[in-house]
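Engineer: Below is input.tsv; it holds TSV, C-alpha atoms and all ligand atoms.
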```tsv
chain	number	residue	atom	x	y	z
U	1	MET	CA	-24.04	166.17	-129.05
U	2	ARG	CA	-26.27	167.50	-126.25
U	3	PHE	CA	-25.70	171.07	-125.13
U	4	VAL	CA	-27.07	173.69	-122.79
U	5	LYS	CA	-26.60	177.42	-123.34
U	6	GLY	CA	-26.03	179.77	-120.43
U	7	HIS	CA	-24.46	183.06	-119.40
U	8	GLY	CA	-23.16	185.03	-116.45
U	9	THR	CA	-23.57	188.79	-116.96
U	10	GLU	CA	-23.81	188.00	-120.69
U	11	ASN	CA	-20.46	186.22	-120.83
U	12	ASP	CA	-21.99	183.24	-122.62
U	13	PHE	CA	-21.12	179.58	-122.83
U	14	VAL	CA	-22.03	176.36	-124.57
U	15	ILE	CA	-22.17	173.74	-121.82
U	16	LEU	CA	-21.35	170.20	-122.92
U	17	PRO	CA	-22.35	167.48	-120.44
U	18	ASP	CA	-19.68	164.77	-120.69
U	19	PRO	CA	-19.76	162.96	-117.32
U	20	ASP	CA	-17.75	159.97	-118.57
U	21	GLY	CA	-15.17	162.03	-120.43
U	22	VAL	CA	-15.79	160.46	-123.83
U	23	LEU	CA	-16.09	163.62	-125.96
U	24	GLU	CA	-13.18	164.30	-128.33
U	25	LEU	CA	-13.28	168.08	-128.12
U	26	THR	CA	-10.84	169.46	-130.69
U	27	PRO	CA	-10.02	173.20	-130.90
U	28	ASP	CA	-11.76	173.25	-134.28
U	29	ALA	CA	-14.97	171.76	-132.81
U	30	VAL	CA	-14.94	174.37	-130.03
U	31	ALA	CA	-14.47	177.20	-132.54
U	32	ARG	CA	-17.37	175.88	-134.63
U	33	LEU	CA	-19.69	175.60	-131.63
U	34	CYS	CA	-18.81	179.16	-130.55
U	35	ASP	CA	-19.18	180.68	-134.04
U	36	ARG	CA	-21.97	183.29	-133.75
U	37	ARG	CA	-23.11	182.93	-137.34
U	38	ALA	CA	-22.41	179.35	-138.38
U	39	GLY	CA	-22.62	177.73	-134.93
U	40	ILE	CA	-24.48	178.05	-131.62
U	41	GLY	CA	-22.49	181.12	-130.62
U	42	ALA	CA	-20.64	181.71	-127.34
U	43	ASP	CA	-17.56	183.23	-125.72
U	44	GLY	CA	-16.45	179.77	-124.63
U	45	VAL	CA	-17.27	176.13	-123.92
U	46	LEU	CA	-17.70	174.47	-120.52
U	47	ARG	CA	-17.25	170.71	-120.73
U	48	VAL	CA	-18.75	169.07	-117.65
U	49	VAL	CA	-16.73	165.99	-116.76
U	50	ARG	CA	-16.34	163.88	-113.62
U	51	THR	CA	-12.93	164.48	-112.01
U	52	LYS	CA	-12.18	160.76	-111.81
U	53	VAL	CA	-12.07	160.59	-115.62
U	54	ALA	CA	-10.58	164.08	-116.11
U	55	GLY	CA	-7.20	162.78	-117.24
U	56	PRO	CA	-3.73	163.04	-115.73
U	57	ASP	CA	-4.71	165.82	-113.28
U	58	ALA	CA	-7.56	163.78	-111.77
U	59	GLU	CA	-5.63	163.04	-108.56
U	60	ARG	CA	-5.07	166.75	-107.90
U	61	TYR	CA	-8.83	167.20	-107.94
U	62	GLY	CA	-9.66	164.46	-105.44
U	63	GLY	CA	-11.86	166.71	-103.33
U	64	ALA	CA	-14.27	167.60	-106.11
U	65	ASP	CA	-16.73	165.48	-108.07
U	66	TRP	CA	-16.72	167.67	-111.20
U	67	PHE	CA	-14.05	169.20	-113.42
U	68	MET	CA	-14.72	172.39	-115.42
U	69	ASP	CA	-12.94	171.95	-118.75
U	70	TYR	CA	-13.06	175.55	-120.02
U	71	ARG	CA	-12.16	176.49	-123.63
U	72	ASN	CA	-12.06	179.93	-125.25
U	73	ALA	CA	-14.06	180.66	-128.42
U	74	ASP	CA	-10.96	180.17	-130.60
U	75	GLY	CA	-10.52	176.66	-129.18
U	76	SER	CA	-7.66	177.51	-126.81
U	77	VAL	CA	-7.58	176.19	-123.26
U	78	ALA	CA	-7.64	178.54	-120.24
U	79	GLU	CA	-6.89	177.88	-116.59
U	80	MET	CA	-9.95	179.57	-115.12
U	81	CYS	CA	-13.18	181.35	-115.93
U	82	GLY	CA	-15.05	183.13	-113.15
U	83	ASN	CA	-18.36	183.64	-114.92
U	84	GLY	CA	-18.08	180.15	-116.38
U	85	LEU	CA	-17.61	178.70	-112.90
U	86	ARG	CA	-20.89	180.20	-111.67
U	87	VAL	CA	-22.74	178.98	-114.77
U	88	PHE	CA	-21.13	175.54	-114.41
U	89	ALA	CA	-22.37	175.32	-110.80
U	90	ARG	CA	-25.86	176.46	-111.77
U	91	TYR	CA	-25.94	173.79	-114.51
U	92	LEU	CA	-24.93	171.01	-112.06
U	93	VAL	CA	-27.74	171.99	-109.68
U	94	GLU	CA	-30.39	172.37	-112.38
U	95	ALA	CA	-29.38	169.06	-113.96
U	96	GLY	CA	-29.70	167.33	-110.57
U	97	LEU	CA	-26.00	166.43	-110.57
U	98	ALA	CA	-25.28	168.40	-107.40
U	99	ALA	CA	-27.39	169.71	-104.55
U	100	PRO	CA	-27.71	173.41	-103.74
U	101	GLY	CA	-25.17	174.29	-101.04
U	102	GLU	CA	-21.41	174.62	-101.01
U	103	TRP	CA	-18.89	172.37	-102.74
U	104	ASP	CA	-15.66	172.41	-104.72
U	105	VAL	CA	-15.32	172.44	-108.49
U	106	ALA	CA	-12.01	171.35	-110.03
U	107	THR	CA	-10.47	173.77	-112.53
U	108	ARG	CA	-7.06	173.90	-114.18
U	109	ALA	CA	-6.18	176.59	-111.62
U	110	GLY	CA	-7.08	174.22	-108.74
U	111	LEU	CA	-10.15	173.65	-106.59
U	112	ARG	CA	-12.67	176.50	-106.40
U	113	ARG	CA	-15.54	176.50	-103.90
U	114	VAL	CA	-18.97	177.60	-105.06
U	115	SER	CA	-22.06	178.33	-103.03
U	116	LEU	CA	-25.58	178.59	-104.42
U	117	GLY	CA	-29.22	178.06	-103.66
U	118	PRO	CA	-31.87	176.37	-105.82
U	119	SER	CA	-32.06	179.62	-107.85
U	120	GLY	CA	-30.47	183.06	-107.89
U	121	ASP	CA	-26.93	184.36	-107.77
U	122	VAL	CA	-23.89	182.15	-107.34
U	123	THR	CA	-20.81	182.94	-105.25
U	124	ALA	CA	-17.44	181.51	-106.24
U	125	GLN	CA	-14.19	181.51	-104.28
U	126	MET	CA	-11.62	182.71	-106.78
U	127	GLY	CA	-8.38	182.12	-104.88
U	128	PRO	CA	-5.89	184.94	-104.42
U	129	ALA	CA	-5.47	187.74	-106.97
U	130	GLU	CA	-1.69	187.94	-107.32
U	131	LEU	CA	-0.44	191.44	-108.13
U	132	LEU	CA	2.66	191.03	-110.29
U	133	GLY	CA	3.74	194.62	-110.98
U	134	PRO	CA	3.43	197.04	-113.85
U	135	GLY	CA	2.73	196.13	-117.45
U	136	GLU	CA	1.40	197.81	-120.56
U	137	ALA	CA	-0.63	197.28	-123.70
U	138	SER	CA	-1.51	199.53	-126.61
U	139	LEU	CA	-4.70	200.17	-128.46
U	140	ALA	CA	-4.65	201.97	-131.81
U	141	GLY	CA	-1.20	203.36	-130.98
U	142	ALA	CA	-2.16	204.65	-127.49
U	143	VAL	CA	-0.26	203.07	-124.62
U	144	PHE	CA	-2.15	201.97	-121.49
U	145	HIS	CA	-0.29	201.27	-118.27
U	146	GLY	CA	-1.66	198.74	-115.83
U	147	GLU	CA	-1.02	196.04	-113.27
U	148	ARG	CA	-0.24	192.47	-114.24
U	149	VAL	CA	-2.50	190.21	-112.19
U	150	SER	CA	-2.87	186.45	-111.97
U	151	VAL	CA	-6.28	185.09	-111.01
U	152	GLY	CA	-5.15	181.64	-112.09
U	153	ASN	CA	-5.14	183.10	-115.61
U	154	PRO	CA	-3.20	186.17	-116.80
U	155	HIS	CA	-4.59	189.72	-116.76
U	156	LEU	CA	-3.46	193.27	-117.33
U	157	ALA	CA	-5.75	195.69	-115.47
U	158	CYS	CA	-5.44	199.25	-116.81
U	159	ARG	CA	-7.04	202.15	-114.98
U	160	ILE	CA	-8.30	204.93	-117.24
U	161	ASP	CA	-9.76	208.33	-116.43
U	162	GLY	CA	-12.49	208.58	-119.08
U	163	PRO	CA	-15.61	206.44	-119.55
U	164	VAL	CA	-14.86	202.90	-120.73
U	165	ALA	CA	-17.64	203.28	-123.33
U	166	THR	CA	-15.37	205.45	-125.47
U	167	LEU	CA	-12.78	202.70	-126.10
U	168	ASP	CA	-12.63	200.94	-129.44
U	169	LEU	CA	-12.13	197.25	-128.63
U	170	THR	CA	-12.93	195.93	-132.08
U	171	ARG	CA	-9.23	195.13	-132.42
U	172	ALA	CA	-7.00	193.25	-130.02
U	173	PRO	CA	-4.70	195.30	-127.79
U	174	ASP	CA	-1.01	194.85	-128.59
U	175	PHE	CA	1.30	193.63	-125.86
U	176	ASP	CA	4.86	192.38	-125.47
U	177	PRO	CA	4.85	188.57	-125.78
U	178	GLY	CA	8.10	188.55	-123.80
U	179	VAL	CA	6.14	189.91	-120.82
U	180	PHE	CA	3.00	187.86	-121.49
U	181	PRO	CA	4.31	184.61	-123.04
U	182	ASP	CA	0.92	182.88	-122.62
U	183	GLY	CA	-1.10	185.86	-123.86
U	184	VAL	CA	-3.20	188.06	-121.60
U	185	ASN	CA	-6.73	189.26	-120.91
U	186	VAL	CA	-6.68	193.07	-120.98
U	187	GLU	CA	-9.11	195.04	-118.79
U	188	PHE	CA	-9.78	198.77	-118.83
U	189	PHE	CA	-11.47	200.18	-115.76
U	190	ARG	CA	-12.58	203.49	-114.31
U	191	VAL	CA	-13.47	204.34	-110.72
U	192	VAL	CA	-17.07	205.57	-110.76
U	193	GLY	CA	-17.77	205.74	-107.01
U	194	ASP	CA	-16.74	204.46	-103.61
U	195	ARG	CA	-15.44	200.91	-104.29
U	196	HIS	CA	-17.42	201.02	-107.49
U	197	LEU	CA	-15.80	200.39	-110.90
U	198	GLU	CA	-16.82	200.11	-114.52
U	199	MET	CA	-14.87	197.77	-116.77
U	200	ARG	CA	-14.50	196.56	-120.33
U	201	VAL	CA	-12.34	193.64	-121.36
U	202	TYR	CA	-10.62	192.15	-124.37
U	203	GLU	CA	-10.26	188.46	-123.57
U	204	ARG	CA	-7.46	186.18	-124.68
U	205	GLY	CA	-8.95	183.70	-127.11
U	206	SER	CA	-12.42	185.28	-127.28
U	207	GLY	CA	-12.11	189.00	-128.14
U	208	GLU	CA	-14.22	191.64	-126.45
U	209	THR	CA	-16.79	189.98	-124.19
U	210	ARG	CA	-19.59	191.57	-122.18
U	211	SER	CA	-18.06	190.42	-118.91
U	212	CYS	CA	-15.10	188.51	-117.47
U	213	GLY	CA	-15.30	187.23	-113.89
U	214	THR	CA	-11.57	186.77	-113.38
U	215	GLY	CA	-11.14	190.20	-115.01
U	216	THR	CA	-13.45	191.84	-112.45
U	217	VAL	CA	-11.33	190.32	-109.67
U	218	ALA	CA	-8.17	191.63	-111.38
U	219	VAL	CA	-9.50	195.20	-111.66
U	220	ALA	CA	-10.88	195.24	-108.10
U	221	ALA	CA	-7.52	194.01	-106.75
U	222	THR	CA	-5.72	196.68	-108.77
U	223	ALA	CA	-8.10	199.42	-107.63
U	224	ALA	CA	-7.63	198.28	-104.02
U	225	LYS	CA	-3.86	198.50	-104.46
U	226	LEU	CA	-4.13	202.01	-105.91
U	227	GLY	CA	-6.55	203.10	-103.17
U	228	SER	CA	-6.17	203.70	-99.47
U	229	ASP	CA	-4.44	201.14	-97.23
U	230	GLU	CA	-7.75	200.51	-95.57
U	231	ALA	CA	-9.32	199.37	-98.87
U	232	ARG	CA	-6.48	197.04	-99.63
U	233	ASP	CA	-6.96	193.73	-97.86
U	234	VAL	CA	-10.57	193.49	-96.73
U	235	SER	CA	-13.04	195.20	-99.00
U	236	GLU	CA	-16.03	194.72	-101.26
U	237	TRP	CA	-16.26	196.14	-104.77
U	238	THR	CA	-19.09	196.58	-107.24
U	239	VAL	CA	-17.99	196.11	-110.83
U	240	ASP	CA	-20.24	197.18	-113.71
U	241	VAL	CA	-19.62	195.39	-116.99
U	242	LEU	CA	-21.44	195.67	-120.31
U	243	GLY	CA	-23.59	192.67	-119.39
U	244	GLY	CA	-24.55	193.63	-115.84
U	245	ARG	CA	-23.01	193.86	-112.38
U	246	VAL	CA	-20.98	191.60	-110.10
U	247	THR	CA	-19.56	191.92	-106.60
U	248	VAL	CA	-15.96	191.13	-105.71
U	249	ALA	CA	-14.96	190.75	-102.06
U	250	PHE	CA	-11.49	190.33	-100.55
U	251	ASP	CA	-11.07	188.77	-97.12
U	252	GLY	CA	-7.34	189.37	-96.73
U	253	THR	CA	-6.40	186.07	-98.36
U	254	ALA	CA	-8.61	185.37	-101.33
U	255	ALA	CA	-11.27	186.88	-103.57
U	256	ARG	CA	-14.94	185.98	-103.78
U	257	LEU	CA	-17.07	186.70	-106.84
U	258	THR	CA	-20.88	186.93	-106.71
U	259	GLY	CA	-23.18	187.36	-109.67
U	260	PRO	CA	-25.89	185.87	-111.83
U	261	ALA	CA	-25.72	182.55	-113.65
U	262	VAL	CA	-28.54	181.81	-116.07
U	263	LEU	CA	-29.35	178.84	-118.28
U	264	VAL	CA	-31.37	179.84	-121.34
U	265	ALA	CA	-31.67	176.90	-123.75
U	266	GLU	CA	-30.80	173.30	-124.42
U	267	GLY	CA	-30.67	171.13	-127.50
U	268	GLU	CA	-28.71	168.76	-129.66
U	269	THR	CA	-26.34	169.45	-132.55
U	270	ARG	CA	-27.33	167.89	-135.88
U	271	PRO	CA	-25.68	164.52	-136.56
U	272	GLY	CA	-22.46	164.99	-138.51
U	273	TRP	CA	-22.36	168.80	-138.16
U	274	ILE	CA	-19.41	168.95	-135.76
K	1	LIG	N1	-14.56	184.99	-119.25
K	1	LIG	C1	-13.80	184.32	-118.27
K	1	LIG	C2	-12.33	184.13	-118.57
K	1	LIG	C3	-12.14	183.12	-119.69
K	1	LIG	C4	-10.70	182.75	-119.95
K	1	LIG	C5	-9.88	183.85	-120.56
K	1	LIG	N2	-10.35	184.26	-121.85
K	1	LIG	C6	-8.42	183.37	-120.66
K	1	LIG	O1	-7.99	182.93	-121.74
K	1	LIG	O2	-7.73	183.42	-119.64
K	1	LIG	C7	-14.10	184.77	-116.86
K	1	LIG	O3	-15.28	185.04	-116.60
K	1	LIG	O4	-13.22	184.76	-116.00
```
Mind converting the file's structure to structure tokens?

Structural biologist:
Amino acid sequence: MRFVKGHGTENDFVILPDPDGVLELTPDAVARLCDRRAGIGADGVLRVVRTKVAGPDAERYGGADWFMDYRNADGSVAEMCGNGLRVFARYLVEAGLAAPGEWDVATRAGLRRVSLGPSGDVTAQMGPAELLGPGEASLAGAVFHGERVSVGNPHLACRIDGPVATLDLTRAPDFDPGVFPDGVNVEFFRVVGDRHLEMRVYERGSGETRSCGTGTVAVAATAAKLGSDEARDVSEWTVDVLGGRVTVAFDGTAARLTGPAVLVAEGETRPGWI
């Protein structure tokens, strides 16, 4: 099986080119690929498949040539991945499968437009960040209050007062499955300046990661809601994550995420390993 390894602010992915949609990608195979000791190691897998062979949803994705089949490190499926989307776009350009410019990528959350040059940062339209009201999670017995946000996938964005570095995210936050029936990505963020946030995240299906693109949109949308009216609809935010920095912009309707997308290696799994 051919693979490429890449990351966006150190949220890392095994990219599996599968243009004809012939790979049988079981949850177990994904978990083995993502295993950091016995596998290649990654927070998730990006299967690159042409929309016309992407299965029952193919018609929904008519406007895009490529479908991003994203899987978490534990093998579960997620609707969207913001860092993954930038890396996916960078892979298509570097592989000569798409030209630099602006085009749509199909995701389980719908079409998402990306724009990129022959090198450098990638910008991705992320759709609206839907603010769904209060929610909570607990960490080592301490309760954190936050905002439930949908960025195509579910988030709980919790504002804290102290530095995010002090949190222990070696264990999963607890949450009420009645409130989050599909699980949730939990972000902790602190305001460190004018429209400037720092964030850590515990991702559904992957554990603590060094960045989460949809998570940065969720925390910026929550910070905008908590801030002045002026900051609410049209604003640009800098979000520092463990793996670097991204920019989130709101234009009154939707969010836009800009950040790095880097391919670092390519290879082939040994026959029979998976
Ligand atoms: N790291 C991603 C989000 C990946 C999916 C998430 N773990 C989920 O299950 O919803 C990002 O950059 O957005």

Engineer: Could you name the residues that touch range 129-142 of chain U at 10 Å or less, counting all atoms listed in the file, but leaving out those on the same chain fewer than 2 positions away, as JSON, numbers by chain?

Structural biologist: {"U": [126, 127, 144, 145, 146, 147, 148, 149, 150, 151, 152, 153, 154, 155, 156, 157, 158, 167, 168, 169, 170, 171, 172, 173, 174, 175, 176, 179, 180, 184, 186, 214, 217, 218, 219, 220, 221, 222, 225, 250, 253, 254, 255]}

Engineer: Within 9 Å of ligand LIG 1 (chain K), counting all atoms listed in the file: which residues, as a PDB file with C-alpha atoms, in the frame of the given file?

Structural biologist:
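pocket_36.pdb, freshly written:
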```pdb
ATOM      1  CA  GLY U   8     -23.160 185.030-116.450  1.00  0.00           C
ATOM      2  CA  ASN U  11     -20.460 186.220-120.830  1.00  0.00           C
ATOM      3  CA  ASP U  12     -21.990 183.240-122.620  1.00  0.00           C
ATOM      4  CA  ASP U  43     -17.560 183.230-125.720  1.00  0.00           C
ATOM      5  CA  GLY U  44     -16.450 179.770-124.630  1.00  0.00           C
ATOM      6  CA  TYR U  70     -13.060 175.550-120.020  1.00  0.00           C
ATOM      7  CA  ARG U  71     -12.160 176.490-123.630  1.00  0.00           C
ATOM      8  CA  ASN U  72     -12.060 179.930-125.250  1.00  0.00           C
ATOM      9  CA  ALA U  73     -14.060 180.660-128.420  1.00  0.00           C
ATOM     10  CA  SER U  76      -7.660 177.510-126.810  1.00  0.00           C
ATOM     11  CA  VAL U  77      -7.580 176.190-123.260  1.00  0.00           C
ATOM     12  CA  ALA U  78      -7.640 178.540-120.240  1.00  0.00           C
ATOM     13  CA  GLU U  79      -6.890 177.880-116.590  1.00  0.00           C
ATOM     14  CA  MET U  80      -9.950 179.570-115.120  1.00  0.00           C
ATOM     15  CA  CYS U  81     -13.180 181.350-115.930  1.00  0.00           C
ATOM     16  CA  GLY U  82     -15.050 183.130-113.150  1.00  0.00           C
ATOM     17  CA  ASN U  83     -18.360 183.640-114.920  1.00  0.00           C
ATOM     18  CA  GLY U  84     -18.080 180.150-116.380  1.00  0.00           C
ATOM     19  CA  LEU U  85     -17.610 178.700-112.900  1.00  0.00           C
ATOM     20  CA  ARG U  86     -20.890 180.200-111.670  1.00  0.00           C
ATOM     21  CA  VAL U 151      -6.280 185.090-111.010  1.00  0.00           C
ATOM     22  CA  GLY U 152      -5.150 181.640-112.090  1.00  0.00           C
ATOM     23  CA  ASN U 153      -5.140 183.100-115.610  1.00  0.00           C
ATOM     24  CA  PRO U 154      -3.200 186.170-116.800  1.00  0.00           C
ATOM     25  CA  HIS U 155      -4.590 189.720-116.760  1.00  0.00           C
ATOM     26  CA  ASP U 182       0.920 182.880-122.620  1.00  0.00           C
ATOM     27  CA  GLY U 183      -1.100 185.860-123.860  1.00  0.00           C
ATOM     28  CA  VAL U 184      -3.200 188.060-121.600  1.00  0.00           C
ATOM     29  CA  ASN U 185      -6.730 189.260-120.910  1.00  0.00           C
ATOM     30  CA  TYR U 202     -10.620 192.150-124.370  1.00  0.00           C
ATOM     31  CA  GLU U 203     -10.260 188.460-123.570  1.00  0.00           C
ATOM     32  CA  ARG U 204      -7.460 186.180-124.680  1.00  0.00           C
ATOM     33  CA  GLY U 205      -8.950 183.700-127.110  1.00  0.00           C
ATOM     34  CA  SER U 206     -12.420 185.280-127.280  1.00  0.00           C
ATOM     35  CA  GLY U 207     -12.110 189.000-128.140  1.00  0.00           C
ATOM     36  CA  THR U 209     -16.790 189.980-124.190  1.00  0.00           C
ATOM     37  CA  ARG U 210     -19.590 191.570-122.180  1.00  0.00           C
ATOM     38  CA  SER U 211     -18.060 190.420-118.910  1.00  0.00           C
ATOM     39  CA  CYS U 212     -15.100 188.510-117.470  1.00  0.00           C
ATOM     40  CA  GLY U 213     -15.300 187.230-113.890  1.00  0.00           C
ATOM     41  CA  THR U 214     -11.570 186.770-113.380  1.00  0.00           C
ATOM     42  CA  GLY U 215     -11.140 190.200-115.010  1.00  0.00           C
ATOM     43  CA  THR U 216     -13.450 191.840-112.450  1.00  0.00           C
ATOM     44  CA  VAL U 217     -11.330 190.320-109.670  1.00  0.00           C
TER      45      VAL U 217
END
```

Engineer: Name the closest residue to Asp121 in chain U among the candidates U:Pro181, U:Gly63, U:Pro17, U:Pro100; distances are taken between atoms, counting only C-alpha atoms.

Structural biologist: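 Once distances to Asp121 in chain U are computed over only C-alpha atoms, the minimum belongs to U:Pro100.
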
Engineer: In Å, with one decimal, what is the gap from CA of Val248 in chain U to CA of Asp65 in chain U?

Structural biologist: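 Atom-to-atom, CA of Val248 in chain U and CA of Asp65 in chain U are spaced 25.8 Å apart.
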
Engineer: Just the number, please: distance in Å from CA of Ala224 in chain U to CA of Leu242 in chain U, one decimal.

Structural biologist: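 One can read the CA of Ala224 in chain U to CA of Leu242 in chain U distance as 21.5 Å.
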
Engineer: Env of range 257-272 of chain U: 6 Å cut, atoms = only C-alpha atoms, seq-sep filter 4 positions within chain, self excluded. Answer as a ChimeraX atom specification.

Structural biologist: /U:1-8,86-87,121-124,246-248

Engineer: For C-alpha atoms, I'd like the residues from the last selection saved as a JSON list (two decimals), keeping the file's coordinate frame.

Structural biologist:
```json
[["chain", "number", "residue", "atom", "x", "y", "z"],
["U", 1, "MET", "CA", -24.04, 166.17, -129.05],
["U", 2, "ARG", "CA", -26.27, 167.50, -126.25],
["U", 3, "PHE", "CA", -25.70, 171.07, -125.13],
["U", 4, "VAL", "CA", -27.07, 173.69, -122.79],
["U", 5, "LYS", "CA", -26.60, 177.42, -123.34],
["U", 6, "GLY", "CA", -26.03, 179.77, -120.43],
["U", 7, "HIS", "CA", -24.46, 183.06, -119.40],
["U", 8, "GLY", "CA", -23.16, 185.03, -116.45],
["U", 86, "ARG", "CA", -20.89, 180.20, -111.67],
["U", 87, "VAL", "CA", -22.74, 178.98, -114.77],
["U", 121, "ASP", "CA", -26.93, 184.36, -107.77],
["U", 122, "VAL", "CA", -23.89, 182.15, -107.34],
["U", 123, "THR", "CA", -20.81, 182.94, -105.25],
["U", 124, "ALA", "CA", -17.44, 181.51, -106.24],
["U", 246, "VAL", "CA", -20.98, 191.60, -110.10],
["U", 247, "THR", "CA", -19.56, 191.92, -106.60],
["U", 248, "VAL", "CA", -15.96, 191.13, -105.71]]
```

Engineer: Can you pull out the residues contacting Asp28 in chain U? Cut-off 12 Å, using all atoms listed in the file, and skip same-chain residues under 3 positions away; I want them as a ChimeraX atom specification.

Structural biologist: /U:24-25,31-35,39,71-76,274

Engineer: With 12 Å as the threshold, what does the neighbourhood of (-9.5, 207.4, -116.7) contain in terms of residues, counting all atoms listed in the file? Coordinates are those of the file; answer as a VMD selection string.

Structural biologist: chain U and resid 144 to 146 158 to 167 188 to 192 197 to 199

Engineer: Using CA of Gln125 in chain U and CA of Asp20 in chain U as the two end points, give the distance in Å to one decimal.

Structural biologist: 26.1 Å

Engineer: Please provide the set of residues having any atom within 12 Å of Leu97 in chain U, restricted to all atoms listed in the file, with same-chain residues fewer than 2 positions apart removed, written as a list of chain:residue names.

Structural biologist: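 Once the nearby chain positions are removed, what remains is U:Pro17, U:Pro19, U:Val48, U:Val49, U:Arg50, U:Asp65, U:Trp66, U:Phe88, U:Ala89, U:Arg90, U:Tyr91, U:Leu92, U:Val93, U:Glu94, U:Ala95, U:Ala99, U:Pro100.
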
Engineer: Find the residue from U:Pro27, U:Gly110, U:Gly120, U:Gly252 that sits nearest to Met68 in chain U; use only C-alpha atoms when measuring.

Structural biologist: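 Of U:Pro27, U:Gly110, U:Gly120, U:Gly252, the one nearest Met68 in chain U is U:Gly110, counting only C-alpha atoms.
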
Engineer: Which residue out of U:Asp251, U:Ala42, U:Ala106, U:Val239 has the minimum interatomic distance to Tyr61 in chain U when all atoms listed in the file are used?

Structural biologist: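 For Tyr61 in chain U, the nearest of the candidates is U:Ala106.
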